[in-house]
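*Asks:* Dumping the structure here so I can ask a few things about it.
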Amino acid sequence: MKDAAPQTIYLKDYKPFGWIIDDVHLTFRLHPTATRVISRIRFRPDYEVHDRPFMLHGEGLKHISAKVDGHEVTLNHVEGGIEVDVPHAPFNWEAEVEINPQANTALEGLYMSNGMYCTQCEAEGFRKITWYPDRPDVMAQFTVRIESDAEHTPVMLSNGNGLYYEQDNAQSPAPNISIYQDPWPKPAYLFALVAGDLVAHEDTFKTMSGKDVRLSIYVRPGDEHKCAFGMEALKKSMKWDEEVYGREYDLDEFNIVAVDDFNMGAMENKGLNIFNSSCVLASPETATDGNFERIEAIIAHEYFHNWTGNRITCRDWFQLCLKEGLTVFRDAQFTADMRSEPVKRIDDVLALRARQFPEDQGPLSHPVRPESFQEINNFYTATVYEKGAEVIGMLKTLVGDDAYAKALDLYFERHDGQACTIEDWIKVFEDSTGRDLTQFKLWYSQSGTPEVTVREEYEGDTFTLHLTQSSAPTPGQDVKAPQVIPVAVGLLNDNGDEVLPTKILELTEAEQSFSFKGHATRPIPSALRGFSAPVTLTQDIDNARRAFLLAHDTDPFNRWEAGRDLARDSLIGTIVKGTAPNPDYLSGLKTLLRDDRLDPAYRALMLGQPSQSELAGILHKQGHTADPAAIHAATETLRDAKAKAFADLLPDIYAANQVAGPFSPDAEPAGKRSLSNAALSLLTRLDGGETAEKQYKSAGNMTLQLAAFGALLDAGKGENAVAAFYDQWKDDRLVIDKWFSMQVMFANPEDLATTVTTLTQHADFDWKNPNRFRAVMGVMAAHHAGFNHESGAAYKVLADWLIKLDPVNPQTTARMCSAFQTWKRYDANRQALLKAQLERIAGQDGLSRDTTEMVTRILEA
């Protein structure tokens, strides 16, 4: 029998909890299959709202006992938990339950990871630990006692400050005990507990008020040498948050734990951040420059949550973007300051277009603040995170840097210790700036990607830009009101000189015109500088204009965008008309590559080209058939053309960007390696892998080794490297994730399904580990030509594995279903093949709520 239809929850139905919690005392008696959790909680009624039944959430709990003021009570089991008769006065709640961490394969609540006890409570995992009002607007102080045996769990951690620790020894029959107290009220989703055989990499940080904070990164024995970079990233984050936002850390200790089995990247639990091992462990030998930068950003992100997410949290899960969008924006600022601001901006836009735009324009489209959901885990999306951050960026652009800083100070002052809403956030800005942000707030409630069209007019000495905005219908929203769109514009003359520095045009109507007087000659506009709004931009300009902007635009983002537009136009021409790659694009790019004054990382980005998935979306929008095989062939043709056009430059670029001396993950050497490896990729098309073979053999760090490995695979000469790489790294789980991914990434499209099937039969393919599953299935789904091969074989492979995984880990399964969200782009045959697999998944008995919701929404496209 299939599960009952998931219940839809609506923002409009929100009601506050009817009781206030004064304090929470939890005791954990750890056991792999029979952990006892004893809770003592003091409740008192909130007399304005407490006239509803007293309801506590709970899921999968073996109930032992429950008391109110010392008297046993009867539990009335209801959907999602229990209801209990309680007095209309303060009372003490006591309960004892038993849970089985070892059987918890969903990795939500308290579970085991390689012998380690670990929790993940966001969004609704705490209800799998004990009876509790598991909602973000219920905040309380927690005191936690953990009991276990010293042999298997010598380290036991929870939120807050450690108050007591006693280890079992031969003279004492007492258990291993630790007690933690968190003085700051928090919702249950921020609760954390970790216990196991761990070692600590330790340091200290002195805050701006002079307080010393103990810092520890806890890892499994053998991983100690991979912690130094993470620790430095943490200290940089703490210092940056003090200097830029005035936020000081508020506990005596800050702990990070690396966990192998984790559904997400990391979790910001108060004072005890739990990280996916891949997001904190790094050494030059095992991590690439991309890994180092990602680790730095994620550590910053989770640390910044201490204020934007923990001290101020969200009232309900509809407000998830309040903490996530703001914190993503803050970590982007941090990375821009630590590394290259233009490169960071381009990277963010690439990610937005690759993940969020398809989401915004397809069946999974939803507002930044959704109006309803069935399973909250399905709304940890690019729209909430990345588009949510873009909304913050637009707000900062509109009010200015100083007003933004003033508003944030007011936000922290006014709402510290509260669970807030988007309305609270917007009102802070209205009160501090005097602006009416009613229209701007539409960014939180309207889904979809607005399209901005630019038309130019020049008469006399006046240059006018006519702007229009429109938004296509999205699920549940057919008609959209005009939004506030900040369009950053600069004007250039024929020599490439700026005649108007960047100016913010506030587009607030469906059609609006902006005039600029005093121009004796027709200026050349540079529109949407810095990607000032998450929109698509349509301009009737030719490739000569694009080539000019590629050569002369003073805005780094728009200079890159001009090159991207040329590449996109060239590729579409090849796909639709069979034309050769645009020589003006190749010539302009060659000139840019010669410019040693430019950041190597920026030049490396310039060598990139639009993804095959992006091209499929453009073709579909233009009314063409999105043929994955033709798209793949065109991208390969352009890469070959680049290799030939730059043949005289590539050896010099490759040689000039070799980095001598000890490895450093800092921006400058990382940028050089990025450009060197980009050159290597093209060189391999000329020398058949000779340079890549030399680099593979001599590589002293993973950045160089993995790039050479990929180049050899791409050239069809990676057989020996596959075996050698595995033999070298078979004992390092994170590097073996890379080994799996690279073979999938560089598989021939027609062989992809077979390659993946073979890899899933490898002894090291642990499909229950999210990292390993994503390393194979996630990369397969991203292999556009192979995944969308006309045979449909890869569709079936993914569906088979999602059906297998769903009973074990619904969260990972549901998120992976997004691979099917663009199924309406393709021809009738592929649509039929995709639909058949979606229907097969949907028809499974006992399908989880998570996956049911995702597949249903995709099928209803």
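Each chain in the structure tokens gets a letter, A, B and so on, in the order shown; residues start at 1 in every chain, and ligands are counted from 1 in the order they appear.
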Using only C-alpha atoms, determine which residues lie at most 10 Å from Ala150 in chain A, disregarding the query and same-chain residues fewer than 4 positions distant; provide the list as a compact mmCIF listing (two decimals) with N, CA, C and O atoms, in the first residue's frame.

*Replies:*
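Done, and the output landed in selection_16.txt:
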# COMPACT_ATOMS: atom_id res chain seq x y z
N PRO A 154 35.08 8.14 24.08
CA PRO A 154 35.87 8.97 24.99
C PRO A 154 35.57 10.46 24.89
O PRO A 154 35.84 11.21 25.82
N VAL A 155 35.01 10.90 23.77
CA VAL A 155 34.65 12.31 23.59
C VAL A 155 33.14 12.40 23.43
O VAL A 155 32.54 11.71 22.61
N MET A 156 32.52 13.26 24.24
CA MET A 156 31.07 13.47 24.18
C MET A 156 30.79 14.96 24.24
O MET A 156 31.19 15.64 25.19
N GLU A 166 33.72 13.56 33.25
CA GLU A 166 34.36 12.52 34.07
C GLU A 166 34.48 11.27 33.22
O GLU A 166 33.50 10.81 32.63
N GLN A 167 35.68 10.73 33.15
CA GLN A 167 35.90 9.55 32.32
C GLN A 167 35.94 8.29 33.18
O GLN A 167 36.49 8.27 34.28
N ASP A 168 35.33 7.25 32.66
CA ASP A 168 35.34 5.94 33.31
C ASP A 168 36.79 5.46 33.50
O ASP A 168 37.65 5.72 32.67
N ASN A 169 37.06 4.80 34.60
CA ASN A 169 38.39 4.19 34.80
C ASN A 169 38.23 2.92 35.62
O ASN A 169 37.15 2.58 36.08
N PRO A 175 29.74 5.64 34.69
CA PRO A 175 29.89 5.79 33.24
C PRO A 175 30.68 7.04 32.90
O PRO A 175 30.93 7.91 33.73
N ASN A 176 31.09 7.10 31.65
CA ASN A 176 31.65 8.31 31.08
C ASN A 176 30.54 9.37 31.09
O ASN A 176 29.44 9.12 30.60
N ILE A 177 30.81 10.55 31.63
CA ILE A 177 29.77 11.58 31.78
C ILE A 177 30.30 12.92 31.27
O ILE A 177 31.45 13.29 31.56
N GLY A 196 32.02 9.86 20.41
CA GLY A 196 32.77 8.83 19.72
C GLY A 196 34.24 8.90 20.01
O GLY A 196 34.71 9.68 20.86
N ASP A 197 35.00 8.10 19.29
CA ASP A 197 36.46 8.08 19.40
C ASP A 197 37.01 9.15 18.48
O ASP A 197 37.17 8.95 17.27

*Asks:* Find the spatial neighbours of Ala192 in chain A, counting only C-alpha atoms, within a cut-off of 12 Å - ignore same-chain residues fewer than 4 positions away - and output them as a ChimeraX atom specification.

*Replies:* /A:26,28,108-111,117-122,125-126,129,142-144,146,156-160,180-182,186-188,255-257,267-275

*Asks:* Hey, can you check how far CA of Arg353 in chain A sits from CA of Gly448 in chain A?

*Replies:*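 A separation of 12.6 Å between them.
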
*Asks:* Ser664 in chain A: which residues within 12 Å, counting only C-alpha atoms, same-chain residues fewer than 2 positions away excluded, as a CSV table (one decimal) with all heavy atoms, in the first residue's frame?

*Replies:*
chain,number,residue,atom,x,y,z
A,229,PHE,N,43.9,24.0,7.8
A,229,PHE,CA,43.2,25.0,7.0
A,229,PHE,C,41.9,25.4,7.5
A,229,PHE,O,41.5,26.5,7.5
A,229,PHE,CB,43.1,24.5,5.5
A,229,PHE,CG,42.5,25.5,4.6
A,229,PHE,CD1,43.2,26.6,4.1
A,229,PHE,CD2,41.1,25.4,4.3
A,229,PHE,CE1,42.6,27.5,3.3
A,229,PHE,CE2,40.5,26.3,3.5
A,229,PHE,CZ,41.2,27.4,3.0
A,283,SER,N,44.0,18.7,2.9
A,283,SER,CA,45.5,18.8,2.8
A,283,SER,C,45.8,19.0,1.4
A,283,SER,O,45.1,18.6,0.5
A,283,SER,CB,46.1,17.5,3.4
A,283,SER,OG,45.9,16.4,2.5
A,284,PRO,N,47.0,19.6,1.1
A,284,PRO,CA,47.4,19.8,-0.3
A,284,PRO,C,47.4,18.5,-1.1
A,284,PRO,O,47.1,18.5,-2.3
A,284,PRO,CB,48.8,20.4,-0.2
A,284,PRO,CG,48.8,21.0,1.1
A,284,PRO,CD,48.0,20.1,2.0
A,285,GLU,N,47.7,17.4,-0.5
A,285,GLU,CA,47.8,16.1,-1.2
A,285,GLU,C,46.4,15.5,-1.6
A,285,GLU,O,46.3,14.8,-2.6
A,285,GLU,CB,48.6,15.1,-0.4
A,285,GLU,CG,50.0,15.4,-0.1
A,285,GLU,CD,50.1,16.4,1.1
A,285,GLU,OE1,49.1,16.6,1.9
A,285,GLU,OE2,51.1,17.1,1.2
A,287,ALA,N,43.2,17.5,-1.3
A,287,ALA,CA,42.1,18.4,-1.7
A,287,ALA,C,42.6,19.4,-2.8
A,287,ALA,O,43.7,19.8,-2.8
A,287,ALA,CB,41.7,19.2,-0.4
A,288,THR,N,41.6,19.7,-3.6
A,288,THR,CA,41.9,20.7,-4.7
A,288,THR,C,41.8,22.1,-4.2
A,288,THR,O,41.2,22.4,-3.1
A,288,THR,CB,41.0,20.5,-5.9
A,288,THR,OG1,39.7,20.7,-5.5
A,288,THR,CG2,41.1,19.0,-6.4
A,289,ASP,N,42.2,23.1,-5.0
A,289,ASP,CA,42.0,24.5,-4.7
A,289,ASP,C,40.5,24.8,-4.6
A,289,ASP,O,40.1,25.5,-3.7
A,289,ASP,CB,42.6,25.4,-5.8
A,289,ASP,CG,44.1,25.4,-5.8
A,289,ASP,OD1,44.7,25.4,-4.7
A,289,ASP,OD2,44.7,25.5,-6.9
A,292,PHE,N,39.5,23.7,-1.1
A,292,PHE,CA,39.9,24.6,-0.1
A,292,PHE,C,39.0,25.8,-0.1
A,292,PHE,O,38.6,26.3,1.0
A,292,PHE,CB,41.4,25.1,-0.4
A,292,PHE,CG,42.4,24.1,0.1
A,292,PHE,CD1,43.1,23.3,-0.8
A,292,PHE,CD2,42.7,24.0,1.5
A,292,PHE,CE1,44.1,22.4,-0.4
A,292,PHE,CE2,43.7,23.1,1.9
A,292,PHE,CZ,44.4,22.3,1.0
A,293,GLU,N,38.7,26.4,-1.2
A,293,GLU,CA,37.8,27.6,-1.2
A,293,GLU,C,36.4,27.2,-0.7
A,293,GLU,O,35.8,28.0,0.0
A,293,GLU,CB,37.7,28.1,-2.7
A,293,GLU,CG,36.9,29.4,-2.7
A,293,GLU,CD,36.9,30.1,-4.1
A,293,GLU,OE1,37.8,29.8,-4.9
A,293,GLU,OE2,36.0,30.9,-4.3
A,659,VAL,N,53.4,27.1,-10.3
A,659,VAL,CA,53.7,27.7,-9.0
A,659,VAL,C,54.8,26.9,-8.3
A,659,VAL,O,54.7,25.7,-8.1
A,659,VAL,CB,52.4,27.7,-8.1
A,659,VAL,CG1,52.7,28.3,-6.8
A,659,VAL,CG2,51.3,28.4,-8.8
A,660,ALA,N,55.9,27.7,-8.0
A,660,ALA,CA,57.0,27.0,-7.4
A,660,ALA,C,56.9,27.2,-5.9
A,660,ALA,O,56.1,28.0,-5.4
A,660,ALA,CB,58.3,27.7,-7.9
A,661,GLY,N,57.6,26.4,-5.1
A,661,GLY,CA,57.7,26.5,-3.7
A,661,GLY,C,56.6,25.7,-3.0
A,661,GLY,O,55.8,25.0,-3.6
A,662,PRO,N,56.5,25.8,-1.7
A,662,PRO,CA,55.5,25.1,-0.9
A,662,PRO,C,54.1,25.4,-1.4
A,662,PRO,O,53.8,26.5,-1.8
A,662,PRO,CB,55.7,25.5,0.5
A,662,PRO,CG,57.1,26.0,0.5
A,662,PRO,CD,57.3,26.6,-0.8
A,666,ASP,N,46.0,29.9,-1.0
A,666,ASP,CA,45.6,31.3,-1.1
A,666,ASP,C,45.2,31.7,-2.6
A,666,ASP,O,45.5,30.9,-3.5
A,666,ASP,CB,46.7,32.2,-0.7
A,666,ASP,CG,46.9,32.1,0.9
A,666,ASP,OD1,46.0,31.6,1.5
A,666,ASP,OD2,48.0,32.6,1.3
A,667,ALA,N,44.5,32.8,-2.7
A,667,ALA,CA,43.9,33.2,-4.0
A,667,ALA,C,45.0,33.3,-5.1
A,667,ALA,O,44.7,32.8,-6.3
A,667,ALA,CB,43.2,34.5,-3.8
A,668,GLU,N,46.1,33.9,-4.9
A,668,GLU,CA,47.0,34.1,-6.0
A,668,GLU,C,47.6,32.8,-6.6
A,668,GLU,O,47.5,32.6,-7.8
A,668,GLU,CB,48.2,35.0,-5.5
A,668,GLU,CG,49.2,35.4,-6.7
A,668,GLU,CD,50.3,36.3,-6.2
A,668,GLU,OE1,50.2,36.9,-5.1
A,668,GLU,OE2,51.2,36.5,-7.0
A,669,PRO,N,48.2,31.9,-5.8
A,669,PRO,CA,48.7,30.7,-6.4
A,669,PRO,C,47.5,29.8,-6.9
A,669,PRO,O,47.7,29.1,-7.9
A,669,PRO,CB,49.5,30.0,-5.3
A,669,PRO,CG,49.0,30.6,-4.0
A,669,PRO,CD,48.6,32.0,-4.4
A,670,ALA,N,46.4,29.8,-6.2
A,670,ALA,CA,45.3,29.0,-6.7
A,670,ALA,C,44.8,29.5,-8.1
A,670,ALA,O,44.4,28.7,-8.9
A,670,ALA,CB,44.1,29.1,-5.7
A,671,GLY,N,44.8,30.9,-8.3
A,671,GLY,CA,44.4,31.4,-9.6
A,671,GLY,C,45.4,31.0,-10.7
A,671,GLY,O,45.0,30.7,-11.8
A,672,LYS,N,46.7,31.0,-10.4
A,672,LYS,CA,47.7,30.5,-11.4
A,672,LYS,C,47.4,29.0,-11.7
A,672,LYS,O,47.5,28.7,-12.9
A,672,LYS,CB,49.1,30.7,-10.9
A,672,LYS,CG,49.5,32.2,-10.8
A,672,LYS,CD,50.9,32.3,-10.4
A,672,LYS,CE,51.4,33.8,-10.4
A,672,LYS,NZ,52.8,34.0,-10.1
A,673,ARG,N,47.2,28.2,-10.7
A,673,ARG,CA,46.9,26.8,-11.0
A,673,ARG,C,45.7,26.6,-11.8
A,673,ARG,O,45.6,25.8,-12.7
A,673,ARG,CB,46.9,26.0,-9.7
A,673,ARG,CG,48.2,25.7,-9.1
A,673,ARG,CD,48.1,24.8,-7.9
A,673,ARG,NE,47.4,25.3,-6.8
A,673,ARG,CZ,48.0,26.0,-5.8
A,673,ARG,NH1,49.3,26.1,-5.8
A,673,ARG,NH2,47.3,26.5,-4.8
A,700,GLY,N,52.6,17.4,-7.3
A,700,GLY,CA,52.8,17.4,-5.9
A,700,GLY,C,51.6,17.8,-5.0
A,700,GLY,O,51.7,17.9,-3.8
A,701,ASN,N,50.5,18.0,-5.7
A,701,ASN,CA,49.3,18.3,-5.0
A,701,ASN,C,48.0,17.8,-5.7
A,701,ASN,O,48.1,17.5,-6.9
A,701,ASN,CB,49.1,19.8,-4.7
A,701,ASN,CG,49.2,20.6,-6.0
A,701,ASN,OD1,48.2,20.6,-6.7
A,701,ASN,ND2,50.3,21.4,-6.2
A,703,THR,N,45.3,19.3,-6.7
A,703,THR,CA,44.8,20.2,-7.8
A,703,THR,C,45.4,19.9,-9.1
A,703,THR,O,44.7,19.8,-10.1
A,703,THR,CB,45.1,21.7,-7.4
A,703,THR,OG1,44.5,22.0,-6.2
A,703,THR,CG2,44.6,22.6,-8.5

*Asks:* Within 9 Å of range 481-487 of chain A, counting only C-alpha atoms, which residues qualify if same-chain residues fewer than 5 places away don't, as a ChimeraX atom specification?

*Replies:* /A:394-395,397-398,439-443,446,450,452,469-471,503-510,527-529,531-535

*Asks:* Take the selection from the previous step and output its residues with N, CA, C and O atoms, as a tab-separated table (two decimals), in the first residue's frame.

*Replies:*
chain	number	residue	atom	x	y	z
A	394	MET	N	20.43	42.82	-3.68
A	394	MET	CA	19.67	43.91	-4.31
A	394	MET	C	19.27	44.95	-3.28
A	394	MET	O	19.32	46.17	-3.55
A	395	LEU	N	18.84	44.50	-2.11
A	395	LEU	CA	18.44	45.43	-1.06
A	395	LEU	C	19.62	46.32	-0.66
A	395	LEU	O	19.48	47.54	-0.51
A	397	THR	N	22.16	47.07	-2.53
A	397	THR	CA	22.41	47.97	-3.66
A	397	THR	C	21.46	49.15	-3.64
A	397	THR	O	21.85	50.30	-3.88
A	398	LEU	N	20.20	48.89	-3.35
A	398	LEU	CA	19.19	49.95	-3.38
A	398	LEU	C	19.37	50.98	-2.27
A	398	LEU	O	19.18	52.18	-2.48
A	439	GLN	N	6.82	47.19	-2.45
A	439	GLN	CA	6.99	46.56	-3.76
A	439	GLN	C	8.21	45.64	-3.78
A	439	GLN	O	8.18	44.56	-4.36
A	440	PHE	N	9.28	46.06	-3.12
A	440	PHE	CA	10.48	45.21	-3.09
A	440	PHE	C	10.17	43.85	-2.48
A	440	PHE	O	10.73	42.83	-2.89
A	441	LYS	N	9.26	43.82	-1.53
A	441	LYS	CA	8.92	42.58	-0.84
A	441	LYS	C	8.35	41.52	-1.78
A	441	LYS	O	8.32	40.33	-1.45
A	442	LEU	N	7.92	41.92	-2.98
A	442	LEU	CA	7.43	40.95	-3.97
A	442	LEU	C	8.49	39.92	-4.33
A	442	LEU	O	8.17	38.83	-4.78
A	443	TRP	N	9.77	40.29	-4.17
A	443	TRP	CA	10.84	39.32	-4.46
A	443	TRP	C	10.72	38.08	-3.56
A	443	TRP	O	11.20	37.00	-3.92
A	446	GLN	N	6.90	36.31	-5.16
A	446	GLN	CA	6.70	35.94	-6.55
A	446	GLN	C	7.81	35.00	-7.01
A	446	GLN	O	8.99	35.27	-6.78
A	450	PRO	N	12.46	37.05	-13.61
A	450	PRO	CA	12.02	38.15	-14.48
A	450	PRO	C	12.95	38.32	-15.68
A	450	PRO	O	14.15	38.06	-15.61
A	452	VAL	N	14.30	41.16	-18.28
A	452	VAL	CA	14.44	42.60	-18.51
A	452	VAL	C	14.92	42.79	-19.95
A	452	VAL	O	15.93	42.22	-20.37
A	469	GLN	N	10.04	44.98	-18.10
A	469	GLN	CA	10.19	43.76	-17.32
A	469	GLN	C	8.94	42.91	-17.48
A	469	GLN	O	7.82	43.42	-17.60
A	470	SER	N	9.15	41.59	-17.47
A	470	SER	CA	8.03	40.65	-17.54
A	470	SER	C	8.46	39.36	-16.86
A	470	SER	O	9.65	39.06	-16.75
A	471	SER	N	7.47	38.61	-16.39
A	471	SER	CA	7.74	37.33	-15.74
A	471	SER	C	6.76	36.30	-16.27
A	471	SER	O	5.54	36.52	-16.28
A	503	LYS	N	25.76	53.49	-12.59
A	503	LYS	CA	24.60	54.16	-11.98
A	503	LYS	C	23.50	53.12	-11.81
A	503	LYS	O	23.31	52.26	-12.67
A	504	ILE	N	22.79	53.18	-10.69
A	504	ILE	CA	21.71	52.22	-10.42
A	504	ILE	C	20.39	52.80	-10.92
A	504	ILE	O	19.93	53.84	-10.44
A	505	LEU	N	19.79	52.14	-11.90
A	505	LEU	CA	18.46	52.49	-12.38
A	505	LEU	C	17.45	51.60	-11.67
A	505	LEU	O	17.57	50.37	-11.71
A	506	GLU	N	16.48	52.22	-11.04
A	506	GLU	CA	15.46	51.45	-10.33
A	506	GLU	C	14.26	51.22	-11.25
A	506	GLU	O	13.44	52.11	-11.46
A	507	LEU	N	14.20	50.03	-11.78
A	507	LEU	CA	13.09	49.65	-12.65
A	507	LEU	C	11.94	49.17	-11.76
A	507	LEU	O	12.06	48.12	-11.11
A	508	THR	N	10.86	49.92	-11.71
A	508	THR	CA	9.74	49.59	-10.82
A	508	THR	C	8.43	49.39	-11.57
A	508	THR	O	7.45	48.97	-10.97
A	509	GLU	N	8.42	49.68	-12.87
A	509	GLU	CA	7.20	49.56	-13.66
A	509	GLU	C	7.41	48.53	-14.77
A	509	GLU	O	8.54	48.10	-15.03
A	510	ALA	N	6.32	48.16	-15.41
A	510	ALA	CA	6.43	47.21	-16.53
A	510	ALA	C	7.27	47.80	-17.66
A	510	ALA	O	8.03	47.09	-18.32
A	527	ALA	N	25.04	47.13	-19.47
A	527	ALA	CA	23.84	46.98	-18.63
A	527	ALA	C	23.94	45.78	-17.70
A	527	ALA	O	24.58	44.78	-18.02
A	528	LEU	N	23.28	45.91	-16.57
A	528	LEU	CA	23.22	44.88	-15.53
A	528	LEU	C	24.62	44.55	-15.01
A	528	LEU	O	25.01	43.40	-14.84
A	529	ARG	N	25.39	45.60	-14.77
A	529	ARG	CA	26.76	45.41	-14.28
A	529	ARG	C	26.77	44.66	-12.95
A	529	ARG	O	25.91	44.87	-12.10
A	531	PHE	N	25.92	41.88	-12.40
A	531	PHE	CA	24.70	41.08	-12.29
A	531	PHE	C	23.90	41.60	-11.10
A	531	PHE	O	23.69	40.92	-10.11
A	532	SER	N	23.43	42.84	-11.23
A	532	SER	CA	22.82	43.56	-10.12
A	532	SER	C	21.45	43.04	-9.73
A	532	SER	O	20.90	43.46	-8.71
A	533	ALA	N	20.89	42.11	-10.51
A	533	ALA	CA	19.60	41.49	-10.16
A	533	ALA	C	19.53	40.12	-10.81
A	533	ALA	O	20.04	39.92	-11.92
A	534	PRO	N	18.87	39.16	-10.17
A	534	PRO	CA	18.77	37.79	-10.73
A	534	PRO	C	17.70	37.72	-11.81
A	534	PRO	O	16.61	37.18	-11.61
A	535	VAL	N	18.01	38.25	-12.97
A	535	VAL	CA	17.08	38.32	-14.10
A	535	VAL	C	17.79	37.83	-15.35
A	535	VAL	O	19.01	37.67	-15.37

*Asks:* If you count only C-alpha atoms, which residues fall within 9 Å of range 770-780 of chain A, apart from same-chain ones fewer than 2 positions away, as an MDAnalysis selection string?

*Replies:* chainID A and resid 260:264 276 278 733:734 736:745 752:753 756 759:760 764:768 782:784 786:787 794 797:798 801 809 812 816 819

*Asks:* Skip range 725-728 of chain A itself and residues of its chain fewer than 2 positions away, then list as number ranges by chain all residues within 10 Å of it, counting only C-alpha atoms.

*Replies:* A: 696, 705-706, 709, 720-723, 730-732, 735-736, 738-740

*Asks:* Go through A:Met606, A:Ala793, A:Val24, A:Ile575 and flag the residue nearest Ala562 in chain A, using only C-alpha atoms for the distances.

*Replies:*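 Among the listed residues, A:Met606 lies closest to Ala562 in chain A.
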
*Asks:* If you measure from CA of Asp316 in chain A to CA of Pro136 in chain A, what distance in Å do you get, rounded to one decimal?

*Replies:*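 Atom-to-atom, CA of Asp316 in chain A to CA of Pro136 in chain A, that is 5.7 Å.
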
*Asks:* Can you pull out every residue from range 45-199 of chain A that DSSP, working from the backbone, puts in strand (DSSP E or B), and format the result as a short mmCIF file (atom, residue, chain, number, x, y, z; two decimals) with C-alpha atoms, in the first residue's frame?

*Replies:*
data_model
loop_
_atom_site.label_atom_id
_atom_site.label_comp_id
_atom_site.auth_asym_id
_atom_site.auth_seq_id
_atom_site.Cartn_x
_atom_site.Cartn_y
_atom_site.Cartn_z
CA PRO A 45 1.21 28.87 29.43
CA PHE A 54 -0.92 20.65 24.43
CA MET A 55 0.82 18.85 21.58
CA LEU A 56 4.40 17.52 21.41
CA HIS A 57 6.01 16.18 18.26
CA LYS A 62 9.62 3.84 21.93
CA HIS A 63 7.73 5.39 24.82
CA ILE A 64 8.79 4.42 28.36
CA SER A 65 7.08 6.95 30.62
CA ALA A 66 5.65 10.47 30.86
CA LYS A 67 4.77 12.55 33.89
CA VAL A 68 3.28 15.96 34.55
CA HIS A 71 2.17 12.07 38.02
CA GLU A 72 1.96 9.57 35.17
CA ASN A 76 -3.19 10.63 23.10
CA HIS A 77 -1.36 9.73 19.88
CA VAL A 78 -2.14 12.06 16.99
CA GLY A 81 3.10 13.31 17.91
CA ILE A 82 1.02 13.26 21.10
CA GLU A 83 -1.53 15.37 22.92
CA VAL A 84 -1.64 15.45 26.73
CA PHE A 91 4.08 22.55 35.13
CA ASN A 92 7.02 20.16 34.91
CA TRP A 93 7.13 17.61 32.11
CA GLU A 94 9.20 14.44 32.46
CA ALA A 95 9.49 11.75 29.83
CA GLU A 96 11.68 8.81 28.93
CA VAL A 97 11.93 7.26 25.48
CA GLU A 98 14.17 4.76 23.73
CA ILE A 99 15.58 5.18 20.22
CA GLY A 109 17.74 12.77 14.51
CA LEU A 110 20.36 10.74 16.44
CA TYR A 111 22.21 8.23 14.26
CA MET A 112 25.50 6.35 13.94
CA SER A 113 28.30 7.13 11.49
CA MET A 116 30.19 7.75 16.11
CA TYR A 117 26.94 9.10 17.56
CA CYS A 118 25.79 12.15 15.64
CA THR A 119 22.70 14.33 15.32
CA GLN A 120 21.09 16.27 12.52
CA TYR A 132 9.10 18.07 22.13
CA ALA A 140 14.72 27.51 25.33
CA GLN A 141 17.94 27.06 27.26
CA PHE A 142 19.26 23.51 27.17
CA THR A 143 21.33 21.59 29.72
CA VAL A 144 22.50 18.21 28.42
CA ARG A 145 23.99 15.25 30.29
CA ILE A 146 25.56 12.48 28.21
CA GLU A 147 26.41 9.06 29.64
CA SER A 148 28.28 6.29 27.86
CA VAL A 155 34.65 12.31 23.59
CA MET A 156 31.07 13.47 24.18
CA LEU A 157 29.92 16.92 23.06
CA SER A 158 26.79 19.05 22.96
CA ASN A 161 29.86 25.40 27.27
CA GLY A 162 31.17 22.22 28.86
CA LEU A 163 30.41 22.21 32.60
CA TYR A 164 31.56 18.76 33.68
CA TYR A 165 33.47 15.79 32.35
CA GLU A 166 34.36 12.52 34.07
CA ASN A 169 38.39 4.19 34.80
CA SER A 172 35.18 3.55 39.15
CA ASN A 176 31.65 8.31 31.08
CA ILE A 177 29.77 11.58 31.78
CA SER A 178 29.79 15.01 30.22
CA ILE A 179 27.45 17.94 30.88
CA TYR A 180 26.93 20.92 28.59
CA GLN A 181 24.89 24.04 29.10
CA ASP A 182 23.87 26.47 26.42
CA PRO A 183 23.01 29.84 28.00
CA TRP A 184 21.37 31.15 24.82
CA PRO A 185 17.77 30.16 24.07
CA LYS A 186 17.52 28.13 20.88
CA LEU A 193 25.18 15.85 20.22
CA VAL A 194 28.29 14.00 19.10
CA ALA A 195 30.03 11.12 20.89
CA GLY A 196 32.77 8.83 19.72
CA VAL A 199 40.79 13.59 18.39
#

*Asks:* Measure the distance from CA of Tyr10 in chain A to CA of Glu839 in chain A in Å and round it to one decimal.

*Replies:*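 Separating CA of Tyr10 in chain A from CA of Glu839 in chain A is a distance of 26.7 Å.
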
*Asks:* Based on DSSP run over this structure's backbone, return all residues of range 586-764 of chain A in helix (DSSP H, G or I), as JSON, numbers by chain.

*Replies:* {"A": [586, 587, 588, 589, 590, 591, 592, 593, 600, 601, 602, 603, 604, 605, 606, 607, 612, 613, 614, 615, 616, 617, 618, 619, 620, 621, 628, 629, 630, 631, 632, 633, 634, 635, 636, 637, 638, 639, 640, 641, 642, 643, 644, 645, 650, 651, 652, 653, 654, 655, 656, 667, 668, 669, 670, 671, 672, 673, 674, 675, 676, 677, 678, 679, 680, 681, 682, 683, 684, 685, 686, 687, 690, 691, 692, 693, 694, 695, 696, 697, 698, 702, 703, 704, 705, 706, 707, 708, 709, 710, 711, 712, 713, 714, 719, 720, 721, 722, 723, 724, 725, 726, 727, 728, 729, 733, 734, 735, 736, 737, 738, 739, 740, 741, 742, 743, 744, 745, 749, 750, 751, 752, 753, 754, 755, 756, 757, 758, 759, 760]}
